[in-house]
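Undergrad: Structure: data11.txt, compact mmCIF, N, CA, C and O atoms.
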# COMPACT_ATOMS: atom_id res chain seq x y z
N MET A 1 -20.92 -11.40 1.26
CA MET A 1 -19.48 -11.49 1.20
C MET A 1 -18.97 -11.66 2.64
O MET A 1 -19.30 -10.88 3.52
N SER A 2 -18.16 -12.67 2.87
CA SER A 2 -17.66 -12.92 4.21
C SER A 2 -16.53 -11.94 4.55
O SER A 2 -16.02 -11.22 3.69
N LEU A 3 -16.18 -11.93 5.82
CA LEU A 3 -15.12 -11.03 6.29
C LEU A 3 -13.79 -11.35 5.60
O LEU A 3 -13.05 -10.45 5.21
N THR A 4 -13.51 -12.63 5.40
CA THR A 4 -12.27 -13.03 4.74
C THR A 4 -12.23 -12.53 3.30
O THR A 4 -11.20 -12.02 2.85
N GLU A 5 -13.34 -12.65 2.60
CA GLU A 5 -13.38 -12.16 1.22
C GLU A 5 -13.23 -10.65 1.16
O GLU A 5 -12.61 -10.11 0.25
N LYS A 6 -13.80 -9.95 2.15
CA LYS A 6 -13.68 -8.49 2.19
C LYS A 6 -12.23 -8.06 2.46
O LYS A 6 -11.75 -7.08 1.91
N LEU A 7 -11.55 -8.80 3.35
CA LEU A 7 -10.18 -8.42 3.69
C LEU A 7 -9.20 -8.74 2.58
O LEU A 7 -8.17 -8.08 2.44
N LEU A 8 -9.49 -9.75 1.79
CA LEU A 8 -8.57 -10.17 0.74
C LEU A 8 -9.09 -9.74 -0.63
O LEU A 8 -9.30 -10.57 -1.51
N MET A 9 -9.30 -8.47 -0.79
CA MET A 9 -9.77 -7.95 -2.07
C MET A 9 -8.59 -8.00 -3.04
O MET A 9 -7.63 -7.24 -2.91
N PRO A 10 -8.61 -8.91 -4.01
CA PRO A 10 -7.44 -9.14 -4.85
C PRO A 10 -7.04 -7.94 -5.69
O PRO A 10 -5.85 -7.70 -5.89
N LYS A 11 -7.98 -7.16 -6.17
CA LYS A 11 -7.64 -6.02 -7.01
C LYS A 11 -6.86 -4.97 -6.22
O LYS A 11 -5.86 -4.43 -6.68
N LYS A 12 -7.30 -4.71 -5.00
CA LYS A 12 -6.62 -3.73 -4.14
C LYS A 12 -5.21 -4.21 -3.80
O LYS A 12 -4.26 -3.44 -3.82
N LEU A 13 -5.07 -5.49 -3.49
CA LEU A 13 -3.75 -6.04 -3.17
C LEU A 13 -2.83 -6.03 -4.39
O LEU A 13 -1.63 -5.79 -4.27
N MET A 14 -3.39 -6.30 -5.56
CA MET A 14 -2.60 -6.29 -6.79
C MET A 14 -2.06 -4.89 -7.07
O MET A 14 -0.88 -4.73 -7.40
N ILE A 15 -2.89 -3.89 -6.93
CA ILE A 15 -2.46 -2.51 -7.17
C ILE A 15 -1.40 -2.11 -6.15
O ILE A 15 -0.39 -1.49 -6.50
N ALA A 16 -1.60 -2.46 -4.88
CA ALA A 16 -0.62 -2.14 -3.85
C ALA A 16 0.72 -2.82 -4.14
O ALA A 16 1.79 -2.22 -3.96
N GLY A 17 0.67 -4.06 -4.59
CA GLY A 17 1.89 -4.77 -4.93
C GLY A 17 2.62 -4.13 -6.09
O GLY A 17 3.86 -4.00 -6.07
N LEU A 18 1.88 -3.71 -7.11
CA LEU A 18 2.51 -3.05 -8.26
C LEU A 18 3.12 -1.71 -7.88
O LEU A 18 4.21 -1.35 -8.35
N VAL A 19 2.44 -0.97 -7.02
CA VAL A 19 3.00 0.31 -6.55
C VAL A 19 4.28 0.08 -5.77
O VAL A 19 5.27 0.79 -5.94
N MET A 20 4.29 -0.95 -4.93
CA MET A 20 5.49 -1.23 -4.13
C MET A 20 6.63 -1.71 -5.02
O MET A 20 7.79 -1.33 -4.81
N ILE A 21 6.34 -2.51 -6.04
CA ILE A 21 7.38 -2.95 -6.96
C ILE A 21 7.97 -1.77 -7.72
O ILE A 21 9.20 -1.66 -7.87
N ALA A 22 7.10 -0.87 -8.18
CA ALA A 22 7.58 0.32 -8.89
C ALA A 22 8.44 1.20 -7.98
O ALA A 22 9.49 1.71 -8.39
N THR A 23 8.00 1.36 -6.73
CA THR A 23 8.77 2.16 -5.77
C THR A 23 10.13 1.54 -5.50
O THR A 23 11.15 2.25 -5.48
N LEU A 24 10.15 0.24 -5.27
CA LEU A 24 11.43 -0.42 -5.00
C LEU A 24 12.37 -0.35 -6.20
O LEU A 24 13.57 -0.14 -6.04
N THR A 25 11.84 -0.51 -7.40
CA THR A 25 12.66 -0.41 -8.60
C THR A 25 13.25 0.99 -8.74
O THR A 25 14.45 1.14 -9.02
N LEU A 26 12.42 2.00 -8.55
CA LEU A 26 12.90 3.38 -8.61
C LEU A 26 13.97 3.65 -7.55
O LEU A 26 15.01 4.24 -7.85
N CYS A 27 13.72 3.20 -6.34
CA CYS A 27 14.67 3.44 -5.24
C CYS A 27 15.98 2.70 -5.44
O CYS A 27 17.05 3.24 -5.14
N ILE A 28 15.92 1.50 -5.95
CA ILE A 28 17.16 0.75 -6.22
C ILE A 28 17.97 1.48 -7.28
O ILE A 28 19.19 1.62 -7.16
N GLY A 29 17.30 1.96 -8.32
CA GLY A 29 17.99 2.71 -9.36
C GLY A 29 18.60 4.00 -8.84
O GLY A 29 19.75 4.33 -9.15
N LEU A 30 17.83 4.74 -8.05
CA LEU A 30 18.35 6.00 -7.49
C LEU A 30 19.54 5.74 -6.57
O LEU A 30 20.53 6.46 -6.61
N GLN A 31 19.42 4.72 -5.75
CA GLN A 31 20.51 4.43 -4.82
C GLN A 31 21.75 3.91 -5.54
O GLN A 31 22.87 4.24 -5.17
N TYR A 32 21.57 3.14 -6.58
CA TYR A 32 22.70 2.56 -7.29
C TYR A 32 23.43 3.61 -8.13
O TYR A 32 24.65 3.70 -8.09
N TYR A 33 22.67 4.42 -8.89
CA TYR A 33 23.30 5.35 -9.82
C TYR A 33 23.66 6.70 -9.20
O TYR A 33 24.64 7.32 -9.59
N PHE A 34 22.86 7.17 -8.24
CA PHE A 34 23.09 8.51 -7.70
C PHE A 34 23.48 8.52 -6.24
O PHE A 34 23.67 9.58 -5.66
N GLU A 35 23.55 7.36 -5.62
CA GLU A 35 23.92 7.20 -4.21
C GLU A 35 23.05 8.05 -3.29
O GLU A 35 23.52 8.70 -2.36
N ILE A 36 21.74 8.04 -3.57
CA ILE A 36 20.77 8.74 -2.74
C ILE A 36 20.15 7.72 -1.79
O ILE A 36 19.74 6.64 -2.21
N GLN A 37 20.09 8.05 -0.52
CA GLN A 37 19.47 7.15 0.45
C GLN A 37 17.96 7.19 0.30
O GLN A 37 17.34 8.25 0.40
N THR A 38 17.34 6.07 0.04
CA THR A 38 15.92 6.01 -0.28
C THR A 38 15.11 5.20 0.73
O THR A 38 13.96 4.88 0.47
N VAL A 39 15.68 4.90 1.88
CA VAL A 39 14.97 4.08 2.86
C VAL A 39 13.71 4.79 3.35
O VAL A 39 12.66 4.17 3.51
N LYS A 40 13.79 6.11 3.56
CA LYS A 40 12.62 6.86 4.04
C LYS A 40 11.49 6.84 3.02
O LYS A 40 10.32 6.74 3.39
N LEU A 41 11.81 6.91 1.74
CA LEU A 41 10.79 6.86 0.70
C LEU A 41 10.10 5.50 0.69
O LEU A 41 8.86 5.43 0.61
N VAL A 42 10.86 4.43 0.80
CA VAL A 42 10.28 3.09 0.80
C VAL A 42 9.39 2.91 2.03
O VAL A 42 8.27 2.39 1.93
N LYS A 43 9.85 3.36 3.20
CA LYS A 43 9.04 3.25 4.41
C LYS A 43 7.75 4.05 4.29
O LYS A 43 6.68 3.58 4.68
N THR A 44 7.84 5.25 3.74
CA THR A 44 6.65 6.10 3.59
C THR A 44 5.62 5.44 2.68
O THR A 44 4.43 5.40 3.01
N VAL A 45 6.06 4.93 1.56
CA VAL A 45 5.12 4.27 0.63
C VAL A 45 4.52 3.03 1.27
O VAL A 45 3.31 2.79 1.18
N PHE A 46 5.34 2.25 1.95
CA PHE A 46 4.84 1.03 2.60
C PHE A 46 3.80 1.37 3.66
O PHE A 46 2.72 0.77 3.70
N TYR A 47 4.11 2.33 4.54
CA TYR A 47 3.16 2.72 5.59
C TYR A 47 1.87 3.27 4.99
O TYR A 47 0.78 2.99 5.47
N TYR A 48 1.98 4.07 3.93
CA TYR A 48 0.78 4.60 3.29
C TYR A 48 -0.10 3.48 2.74
O TYR A 48 -1.31 3.48 2.94
N LEU A 49 0.51 2.51 2.06
CA LEU A 49 -0.27 1.41 1.49
C LEU A 49 -0.93 0.57 2.57
O LEU A 49 -2.10 0.18 2.45
N VAL A 50 -0.21 0.29 3.66
CA VAL A 50 -0.78 -0.51 4.74
C VAL A 50 -1.92 0.24 5.42
O VAL A 50 -3.00 -0.33 5.64
N LEU A 51 -1.71 1.52 5.74
CA LEU A 51 -2.76 2.27 6.40
C LEU A 51 -3.97 2.48 5.50
O LEU A 51 -5.12 2.43 5.96
N ASP A 52 -3.75 2.69 4.21
CA ASP A 52 -4.86 2.83 3.28
C ASP A 52 -5.66 1.53 3.19
O ASP A 52 -6.89 1.55 3.18
N TYR A 53 -4.98 0.41 3.17
CA TYR A 53 -5.66 -0.89 3.11
C TYR A 53 -6.46 -1.14 4.39
O TYR A 53 -7.61 -1.59 4.33
N ILE A 54 -5.87 -0.82 5.54
CA ILE A 54 -6.58 -1.01 6.81
C ILE A 54 -7.81 -0.11 6.87
O ILE A 54 -8.90 -0.56 7.25
N TRP A 55 -7.66 1.15 6.49
CA TRP A 55 -8.78 2.08 6.53
C TRP A 55 -9.88 1.64 5.56
O TRP A 55 -11.07 1.70 5.89
N ALA A 56 -9.52 1.18 4.38
CA ALA A 56 -10.52 0.71 3.42
C ALA A 56 -11.26 -0.51 3.96
O ALA A 56 -12.48 -0.63 3.78
N SER A 57 -10.56 -1.40 4.62
CA SER A 57 -11.19 -2.59 5.20
C SER A 57 -12.16 -2.21 6.31
O SER A 57 -13.27 -2.73 6.40
N ILE A 58 -11.74 -1.29 7.18
CA ILE A 58 -12.61 -0.84 8.28
C ILE A 58 -13.84 -0.12 7.72
O ILE A 58 -14.96 -0.35 8.16
N ARG A 59 -13.62 0.73 6.74
CA ARG A 59 -14.73 1.47 6.16
C ARG A 59 -15.73 0.53 5.49
O ARG A 59 -16.95 0.71 5.62
N ARG A 60 -15.24 -0.50 4.78
CA ARG A 60 -16.14 -1.47 4.15
C ARG A 60 -16.93 -2.27 5.18
O ARG A 60 -18.09 -2.58 4.98
N GLU A 61 -16.29 -2.59 6.30
CA GLU A 61 -16.93 -3.43 7.30
C GLU A 61 -17.94 -2.65 8.14
O GLU A 61 -19.05 -3.12 8.37
N PHE A 62 -17.58 -1.46 8.60
CA PHE A 62 -18.42 -0.75 9.56
C PHE A 62 -19.26 0.37 8.95
O PHE A 62 -20.21 0.83 9.58
N PHE A 63 -18.93 0.84 7.77
CA PHE A 63 -19.69 1.90 7.11
C PHE A 63 -20.03 1.48 5.68
O PHE A 63 -19.55 2.07 4.72
N PRO A 64 -20.86 0.46 5.50
CA PRO A 64 -21.12 -0.05 4.15
C PRO A 64 -21.92 0.92 3.27
O PRO A 64 -21.89 0.81 2.05
N ASP A 65 -22.62 1.89 3.88
CA ASP A 65 -23.43 2.81 3.07
C ASP A 65 -22.60 3.91 2.43
O ASP A 65 -23.03 4.56 1.49
N ARG A 66 -21.38 4.13 2.92
CA ARG A 66 -20.50 5.16 2.34
C ARG A 66 -19.63 4.55 1.25
O ARG A 66 -19.17 3.43 1.34
N SER A 67 -19.31 5.34 0.24
CA SER A 67 -18.46 4.84 -0.85
C SER A 67 -17.03 5.20 -0.60
O SER A 67 -16.69 6.22 -0.15
Could you spell out this file's structure in structure tokens?
TA:
Amino acid sequence: MSLTEKLLMPKKLMIAGLVMIATLTLCIGLQYYFEIQTVKLVKTVFYYLVLDYIWASIRREFFPDRS
């Protein structure tokens, strides 16, 4: 498996996209109906997904024997 194929794992990206869509939908609803500021929640979820993806890519590349 090449480095490009490892970085573009479609299943991981699909799950991250669905989580972000669900988060944005929830936050839009909360902000619209209850006037709660949800920018921090969206940033937190986004940063978590990006850092998790980066860590998984590094772990796959440099530590292939670990699961």
Undergrad: Interatomic distance between atom O of Ala16 in chain A and CA of Leu49 in chain A?
TA: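 Those two atoms sit 6.9 Å apart.
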Undergrad: Could you work out how far atom O of Val50 in chain A lies from atom C of Phe62 in chain A, giving the answer in Å with one decimal?
TA: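 Computed distance, atom C of Phe62 in chain A to atom O of Val50 in chain A, equals 16.6 Å.
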Undergrad: Where does DSSP see alpha helix (DSSP H) in chain A, if you list the residues as a PyMOL selection string?
TA: chain A and resi 3-7+10-34+39-62
Undergrad: Ranking A:Gly29, A:Leu18, A:Thr23, A:Ile54 by minimum distance to Val42 in chain A and counting all atoms listed in the file, which one comes first?
TA: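 Smallest distance to Val42 in chain A is found for A:Thr23.
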Undergrad: Just give me the gap between atom N of Arg60 in chain A and atom O of Ile15 in chain A in Å, one decimal is fine.
TA: 18.7 Å
Undergrad: Around range 12-19 of chain A, fit a box with edges along x, y and z, padding it by 4 Å on each side, then list its centre and edge lengths in Å to one decimal as AutoDock Vina command-line options.
TA:
--center_x -1.0 --center_y -2.8 --center_z -5.8 --size_x 20.6 --size_y 15.1 --size_z 13.2
Undergrad: Using only C-alpha atoms, find the one residue out of A:Gly17, A:Cys27, A:Ser57, A:Asp65 that sits nearest to Lys43 in chain A.
TA: A:Cys27
Undergrad: With all atoms listed in the file as the basis for distance, which of A:Thr25, A:Leu30, A:Lys12, A:Val19 is at the shortest distance from Val45 in chain A?
TA: A:Val19
